[in-house]
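Visitor: Input run20.pdb, format and content: PDB, C-alpha atoms.
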ATOM      1  CA  MET R 137      -8.685-106.623-133.135
ATOM      2  CA  PRO R 138      -8.612-107.234-129.390
ATOM      3  CA  THR R 139      -8.382-104.034-127.387
ATOM      4  CA  ARG R 140      -5.068-104.924-125.754
ATOM      5  CA  VAL R 141      -2.576-107.650-126.483
ATOM      6  CA  ARG R 142       0.582-108.484-124.575
ATOM      7  CA  THR R 143       2.765-111.502-125.028
ATOM      8  CA  PRO R 144       2.154-113.693-122.012
ATOM      9  CA  HIS R 145       5.198-115.113-120.302
ATOM     10  CA  PRO R 146       5.241-118.820-119.504
ATOM     11  CA  PRO R 147       4.018-119.322-115.965
ATOM     12  CA  THR R 148       6.601-119.631-113.210
ATOM     13  CA  GLY R 149       6.595-120.323-109.492
ATOM     14  CA  LEU R 150       3.265-120.855-107.778
ATOM     15  CA  ARG R 151       1.286-120.124-110.936
ATOM     16  CA  ARG R 152       3.166-122.829-112.858
ATOM     17  CA  TRP R 153       2.653-125.274-109.995
ATOM     18  CA  ALA R 154      -1.088-124.514-109.927
ATOM     19  CA  LEU R 155      -1.411-124.977-113.684
ATOM     20  CA  ARG R 156       0.422-128.312-113.493
ATOM     21  CA  LEU R 157      -1.571-129.634-110.507
ATOM     22  CA  PRO R 158      -4.111-131.400-112.755
ATOM     23  CA  ILE R 159      -1.272-133.527-114.189
ATOM     24  CA  LEU R 160      -0.647-134.884-110.683
ATOM     25  CA  LEU R 161      -4.346-135.678-110.319
ATOM     26  CA  PHE R 162      -4.206-137.624-113.598
ATOM     27  CA  ARG R 163      -1.130-139.546-112.413
ATOM     28  CA  LEU R 164      -2.927-140.439-109.177
ATOM     29  CA  HIS R 165      -5.985-141.540-111.202
ATOM     30  CA  LEU R 166      -8.034-138.799-109.546
ATOM     31  CA  ASP R 167      -8.815-137.027-112.819
ATOM     32  CA  ARG R 168     -12.550-137.568-112.299
ATOM     33  CA  LEU R 169     -12.296-134.801-109.675
ATOM     34  CA  LEU R 170     -11.647-132.401-112.561
ATOM     35  CA  GLY R 171     -14.952-133.113-114.282
ATOM     36  CA  GLY R 172     -15.167-133.796-117.970
ATOM     37  CA  ARG R 173     -13.673-130.514-119.156
ATOM     38  CA  ILE R 174      -9.994-131.273-118.487
ATOM     39  CA  ALA R 175      -7.939-133.775-120.482
ATOM     40  CA  LEU R 176      -4.343-134.935-120.241
ATOM     41  CA  LEU R 177      -2.533-134.684-123.563
ATOM     42  CA  THR R 178       0.580-136.823-123.905
ATOM     43  CA  HIS R 179       2.718-135.714-126.835
ATOM     44  CA  THR R 180       6.295-136.157-128.027
ATOM     45  CA  GLY R 181       8.959-133.540-127.298
ATOM     46  CA  ARG R 182      10.308-132.241-130.601
ATOM     47  CA  SER R 183      13.908-132.000-129.357
ATOM     48  CA  THR R 184      14.136-134.927-126.945
ATOM     49  CA  GLY R 185      11.643-137.370-128.433
ATOM     50  CA  LEU R 186      10.455-138.043-124.869
ATOM     51  CA  PRO R 187       6.806-138.132-123.781
ATOM     52  CA  ARG R 188       5.528-134.812-122.451
ATOM     53  CA  ARG R 189       2.230-134.122-120.699
ATOM     54  CA  VAL R 190      -0.041-131.138-120.387
ATOM     55  CA  ALA R 191      -3.496-130.779-118.860
ATOM     56  CA  LEU R 192      -5.812-128.749-121.044
ATOM     57  CA  GLU R 193      -9.424-127.708-121.012
ATOM     58  CA  ILE R 194     -11.580-129.392-123.622
ATOM     59  CA  THR R 195     -13.030-126.348-125.343
ATOM     60  CA  GLY R 196     -15.420-128.257-127.559
ATOM     61  CA  ARG R 197     -16.343-131.555-129.124
ATOM     62  CA  ASP R 198     -17.397-132.261-132.689
ATOM     63  CA  PRO R 199     -20.342-134.682-132.506
ATOM     64  CA  LEU R 200     -19.821-135.819-136.115
ATOM     65  CA  THR R 201     -16.104-136.650-136.018
ATOM     66  CA  GLY R 202     -15.575-137.186-132.279
ATOM     67  CA  ASP R 203     -12.760-134.596-132.332
ATOM     68  CA  TYR R 204     -11.848-132.916-129.054
ATOM     69  CA  LEU R 205     -10.952-129.227-129.417
ATOM     70  CA  LEU R 206      -8.058-127.813-127.396
ATOM     71  CA  ALA R 207      -6.827-124.225-127.341
ATOM     72  CA  SER R 208      -3.258-123.008-127.000
ATOM     73  CA  GLY R 209      -4.035-120.083-124.722
ATOM     74  CA  PHE R 210      -0.412-118.961-124.583
ATOM     75  CA  GLY R 211      -0.285-118.812-128.378
ATOM     76  CA  PRO R 212       1.598-120.691-131.083
ATOM     77  CA  ALA R 213       4.840-120.599-129.067
ATOM     78  CA  SER R 214       3.422-122.983-126.417
ATOM     79  CA  GLN R 215       5.635-126.039-126.161
ATOM     80  CA  TRP R 216       2.797-128.559-126.442
ATOM     81  CA  TYR R 217       1.424-126.801-129.530
ATOM     82  CA  ARG R 218       4.830-126.768-131.240
ATOM     83  CA  ASN R 219       5.315-130.440-130.350
ATOM     84  CA  VAL R 220       2.005-131.645-131.820
ATOM     85  CA  ARG R 221       2.674-129.679-134.997
ATOM     86  CA  ARG R 222       5.910-131.637-135.357
ATOM     87  CA  THR R 223       4.570-135.031-134.199
ATOM     88  CA  PRO R 224       0.765-135.268-134.411
ATOM     89  CA  GLY R 225       0.492-138.736-132.847
ATOM     90  CA  VAL R 226      -0.764-138.147-129.281
ATOM     91  CA  THR R 227      -2.680-139.811-126.465
ATOM     92  CA  LEU R 228      -5.610-138.057-124.845
ATOM     93  CA  ARG R 229      -6.709-139.152-121.366
ATOM     94  CA  VAL R 230     -10.302-138.172-120.759
ATOM     95  CA  GLY R 231     -13.044-139.766-118.715
ATOM     96  CA  GLY R 232     -10.638-142.286-117.211
ATOM     97  CA  ARG R 233      -9.628-143.651-120.631
ATOM     98  CA  ASP R 234      -6.453-143.278-122.686
ATOM     99  CA  LEU R 235      -7.313-142.585-126.320
ATOM    100  CA  PRO R 236      -4.600-142.884-128.980
ATOM    101  CA  ALA R 237      -5.281-139.980-131.319
ATOM    102  CA  THR R 238      -4.025-137.663-134.023
ATOM    103  CA  ALA R 239      -3.761-133.914-133.467
ATOM    104  CA  ARG R 240      -4.503-131.478-136.289
ATOM    105  CA  PRO R 241      -3.906-127.741-135.878
ATOM    106  CA  LEU R 242      -6.934-125.799-137.054
ATOM    107  CA  THR R 243      -6.660-123.048-139.646
ATOM    108  CA  PRO R 244      -6.777-119.474-138.368
ATOM    109  CA  ASP R 245     -10.409-119.177-139.519
ATOM    110  CA  GLU R 246     -11.367-122.457-137.822
ATOM    111  CA  SER R 247      -9.608-121.313-134.632
ATOM    112  CA  GLY R 248     -11.521-118.027-134.744
ATOM    113  CA  LEU R 249     -14.839-119.816-135.081
ATOM    114  CA  ALA R 250     -13.928-122.252-132.279
ATOM    115  CA  MET R 251     -12.978-119.374-129.956
ATOM    116  CA  ALA R 252     -16.195-117.465-130.699
ATOM    117  CA  ASP R 253     -18.247-120.624-130.084
ATOM    118  CA  TYR R 254     -16.444-121.302-126.797
ATOM    119  CA  ALA R 255     -17.007-117.720-125.606
ATOM    120  CA  LEU R 256     -20.703-117.976-126.456
ATOM    121  CA  ARG R 257     -21.051-121.157-124.359
ATOM    122  CA  HIS R 258     -18.788-120.036-121.467
ATOM    123  CA  PRO R 259     -18.711-116.198-121.431
ATOM    124  CA  ARG R 260     -17.329-115.652-117.909
ATOM    125  CA  THR R 261     -14.704-118.374-118.208
ATOM    126  CA  ALA R 262     -13.673-117.039-121.629
ATOM    127  CA  ARG R 263     -13.126-113.540-120.227
ATOM    128  CA  ARG R 264     -11.050-114.894-117.315
ATOM    129  CA  LEU R 265      -8.972-117.030-119.659
ATOM    130  CA  MET R 266      -8.345-114.076-121.949
ATOM    131  CA  ARG R 267      -7.005-112.054-118.992
ATOM    132  CA  LEU R 268      -4.812-114.996-117.945
ATOM    133  CA  CYS R 269      -3.468-115.187-121.500
ATOM    134  CA  GLY R 270      -2.783-111.448-121.659
ATOM    135  CA  LEU R 271      -5.684-110.564-123.949
ATOM    136  CA  GLU R 272      -8.418-108.030-123.325
ATOM    137  CA  VAL R 273     -11.642-108.438-125.290
ATOM    138  CA  ASP R 274     -14.808-106.378-125.593
ATOM    139  CA  GLY R 275     -16.999-109.482-125.219
ATOM    140  CA  SER R 276     -18.349-109.495-128.763
ATOM    141  CA  GLY R 277     -18.358-112.642-130.881
ATOM    142  CA  ARG R 278     -16.329-110.778-133.508
ATOM    143  CA  ASP R 279     -13.629-109.895-130.968
ATOM    144  CA  TYR R 280     -13.403-113.507-129.761
ATOM    145  CA  TYR R 281     -13.227-114.649-133.377
ATOM    146  CA  LEU R 282     -10.272-112.305-133.954
ATOM    147  CA  VAL R 283      -8.539-113.563-130.802
ATOM    148  CA  GLY R 284      -8.861-117.163-132.013
ATOM    149  CA  ARG R 285      -7.820-116.298-135.533
ATOM    150  CA  ASP R 286      -4.810-114.185-134.591
ATOM    151  CA  HIS R 287      -3.621-115.245-131.110
ATOM    152  CA  VAL R 288      -5.081-118.497-129.770
ATOM    153  CA  PRO R 289      -4.608-121.420-132.140
ATOM    154  CA  PHE R 290      -6.814-124.464-131.664
ATOM    155  CA  VAL R 291      -6.081-128.137-132.236
ATOM    156  CA  ALA R 292      -8.569-130.877-133.108
ATOM    157  CA  VAL R 293      -7.624-134.202-131.530
ATOM    158  CA  ARG R 294      -9.284-137.154-133.231
ATOM    159  CA  PRO R 295      -9.242-140.468-131.348
ATOM    160  CA  HIS R 296      -8.362-143.480-133.477
ATOM    161  CA  ARG R 297     -11.203-145.830-134.208
ATOM    162  CA  SER R 298     -10.886-149.202-132.490
TER
END
Show me, as structure tokens, the structure contained in the file I just sent.
Guide:
Amino acid sequence: MPTRVRTPHPPTGLRRWALRLPILLFRLHLDRLLGGRIALLTHTGRSTGLPRRVALEITGRDPLTGDYLLASGFGPASQWYRNVRRTPGVTLRVGGRDLPATARPLTPDESGLAMADYALRHPRTARRLMRLCGLEVDGSGRDYYLVGRDHVPFVAVRPHRS
């Protein structure tokens, strides 16, 4: 179990603005400035039915299926995560292309494995993200697995074949 867990509050003020800045870059077609690790996910609001957008880090890519892995760092209560569970048809903008896709929430075990893999590939970034999300980890693969299994659900987004 992670050493310390607190429920993170949704960002407000300057922090919210900073987290939403990549969306503006996507709208201005300047998303290439973000590198290949940030994608724009367009999903459907579960109450309004309107398109909603969120910029997320691509935490991994499955070379066999082409799935992009995305993590809900603020947990299962994140609006985008709740929306894709309700309506899995999404569009992922990555590399200057809009990809119609289907989102599939991973199982807790799959999320744990994805989190441990991410932390192995990006240890410093993973630690910083855990602090941002209100989680303190000891840095072990087992601890990251538990964080993914219990607190940070992942979603696999599979682009439709043309």
Visitor: Please, what distance in Å, to one decimal, runs between atom CA of Ala292 of chain R and atom CA of Val226 of chain R?
Guide: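 A separation of 11.3 Å between them.
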Visitor: Provide an axis-aligned box for all listed atoms of segment 189-208 of chain R, padding each side by 8 Å; report its centre and its edge lengths in Å to one decimal, as lines of an AutoDock Vina configuration file.
Guide:
center_x = -9.1
center_y = -130.1
center_z = -127.5
size_x = 38.6
size_y = 30.2
size_z = 33.3
Visitor: Evaluated on this file, the PyMOL selection byres ((chain R and resi 296) around 7) picks out some residues - which ones are they, written as number ranges by chain?
Guide: R: 236-237, 294-295, 297-298
Visitor: Please evaluate the PyMOL selection byres ((chain R and resi 211-222) around 6) against the structure above and give the resulting residues as an mmCIF file with C-alpha atoms, in the coordinates of the input.
Guide:
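Saved as expr-v2.cif:
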data_model
loop_
_atom_site.group_PDB
_atom_site.id
_atom_site.type_symbol
_atom_site.label_atom_id
_atom_site.label_comp_id
_atom_site.auth_asym_id
_atom_site.auth_seq_id
_atom_site.Cartn_x
_atom_site.Cartn_y
_atom_site.Cartn_z
ATOM 1 C CA GLY R 181 8.959 -133.540 -127.298
ATOM 2 C CA ARG R 182 10.308 -132.241 -130.601
ATOM 3 C CA SER R 208 -3.258 -123.008 -127.000
ATOM 4 C CA GLY R 209 -4.035 -120.083 -124.722
ATOM 5 C CA PHE R 210 -0.412 -118.961 -124.583
ATOM 6 C CA THR R 223 4.570 -135.031 -134.199
ATOM 7 C CA PRO R 224 0.765 -135.268 -134.411
ATOM 8 C CA HIS R 287 -3.621 -115.245 -131.110
ATOM 9 C CA VAL R 288 -5.081 -118.497 -129.770
#
Visitor: Neighbours of segment 272-283 of chain R within 12 Å (only C-alpha atoms; same-chain residues fewer than 5 positions away dropped), as a PyMOL selection string?
Guide: chain R and resi 137-143+207-211+244-267+288-290
Visitor: Can you spit out the residues from that selection as a short mmCIF file (atom, residue, chain, number, x, y, z; two decimals), in the coordinates of the input, using C-alpha atoms?
Guide:
data_model
loop_
_atom_site.label_atom_id
_atom_site.label_comp_id
_atom_site.auth_asym_id
_atom_site.auth_seq_id
_atom_site.Cartn_x
_atom_site.Cartn_y
_atom_site.Cartn_z
CA MET R 137 -8.68 -106.62 -133.14
CA PRO R 138 -8.61 -107.23 -129.39
CA THR R 139 -8.38 -104.03 -127.39
CA ARG R 140 -5.07 -104.92 -125.75
CA VAL R 141 -2.58 -107.65 -126.48
CA ARG R 142 0.58 -108.48 -124.58
CA THR R 143 2.76 -111.50 -125.03
CA ALA R 207 -6.83 -124.22 -127.34
CA SER R 208 -3.26 -123.01 -127.00
CA GLY R 209 -4.04 -120.08 -124.72
CA PHE R 210 -0.41 -118.96 -124.58
CA GLY R 211 -0.28 -118.81 -128.38
CA PRO R 244 -6.78 -119.47 -138.37
CA ASP R 245 -10.41 -119.18 -139.52
CA GLU R 246 -11.37 -122.46 -137.82
CA SER R 247 -9.61 -121.31 -134.63
CA GLY R 248 -11.52 -118.03 -134.74
CA LEU R 249 -14.84 -119.82 -135.08
CA ALA R 250 -13.93 -122.25 -132.28
CA MET R 251 -12.98 -119.37 -129.96
CA ALA R 252 -16.20 -117.46 -130.70
CA ASP R 253 -18.25 -120.62 -130.08
CA TYR R 254 -16.44 -121.30 -126.80
CA ALA R 255 -17.01 -117.72 -125.61
CA LEU R 256 -20.70 -117.98 -126.46
CA ARG R 257 -21.05 -121.16 -124.36
CA HIS R 258 -18.79 -120.04 -121.47
CA PRO R 259 -18.71 -116.20 -121.43
CA ARG R 260 -17.33 -115.65 -117.91
CA THR R 261 -14.70 -118.37 -118.21
CA ALA R 262 -13.67 -117.04 -121.63
CA ARG R 263 -13.13 -113.54 -120.23
CA ARG R 264 -11.05 -114.89 -117.32
CA LEU R 265 -8.97 -117.03 -119.66
CA MET R 266 -8.35 -114.08 -121.95
CA ARG R 267 -7.00 -112.05 -118.99
CA VAL R 288 -5.08 -118.50 -129.77
CA PRO R 289 -4.61 -121.42 -132.14
CA PHE R 290 -6.81 -124.46 -131.66
#
Visitor: Can you give me, as a ChimeraX atom specification, the residues this file yields under the PyMOL selection byres ((chain R and resi 232) around 10)?
Guide: /R:162,165-168,172,175,229-231,233-235
Visitor: May I ask which of the residues R:Leu242, R:Leu186, R:Ile159, R:Val293 is the closest one to Tyr204 of chain R, counting only C-alpha atoms?
Guide: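 Comparing R:Leu242, R:Leu186, R:Ile159, R:Val293 against Tyr204 of chain R, the winner is R:Val293.
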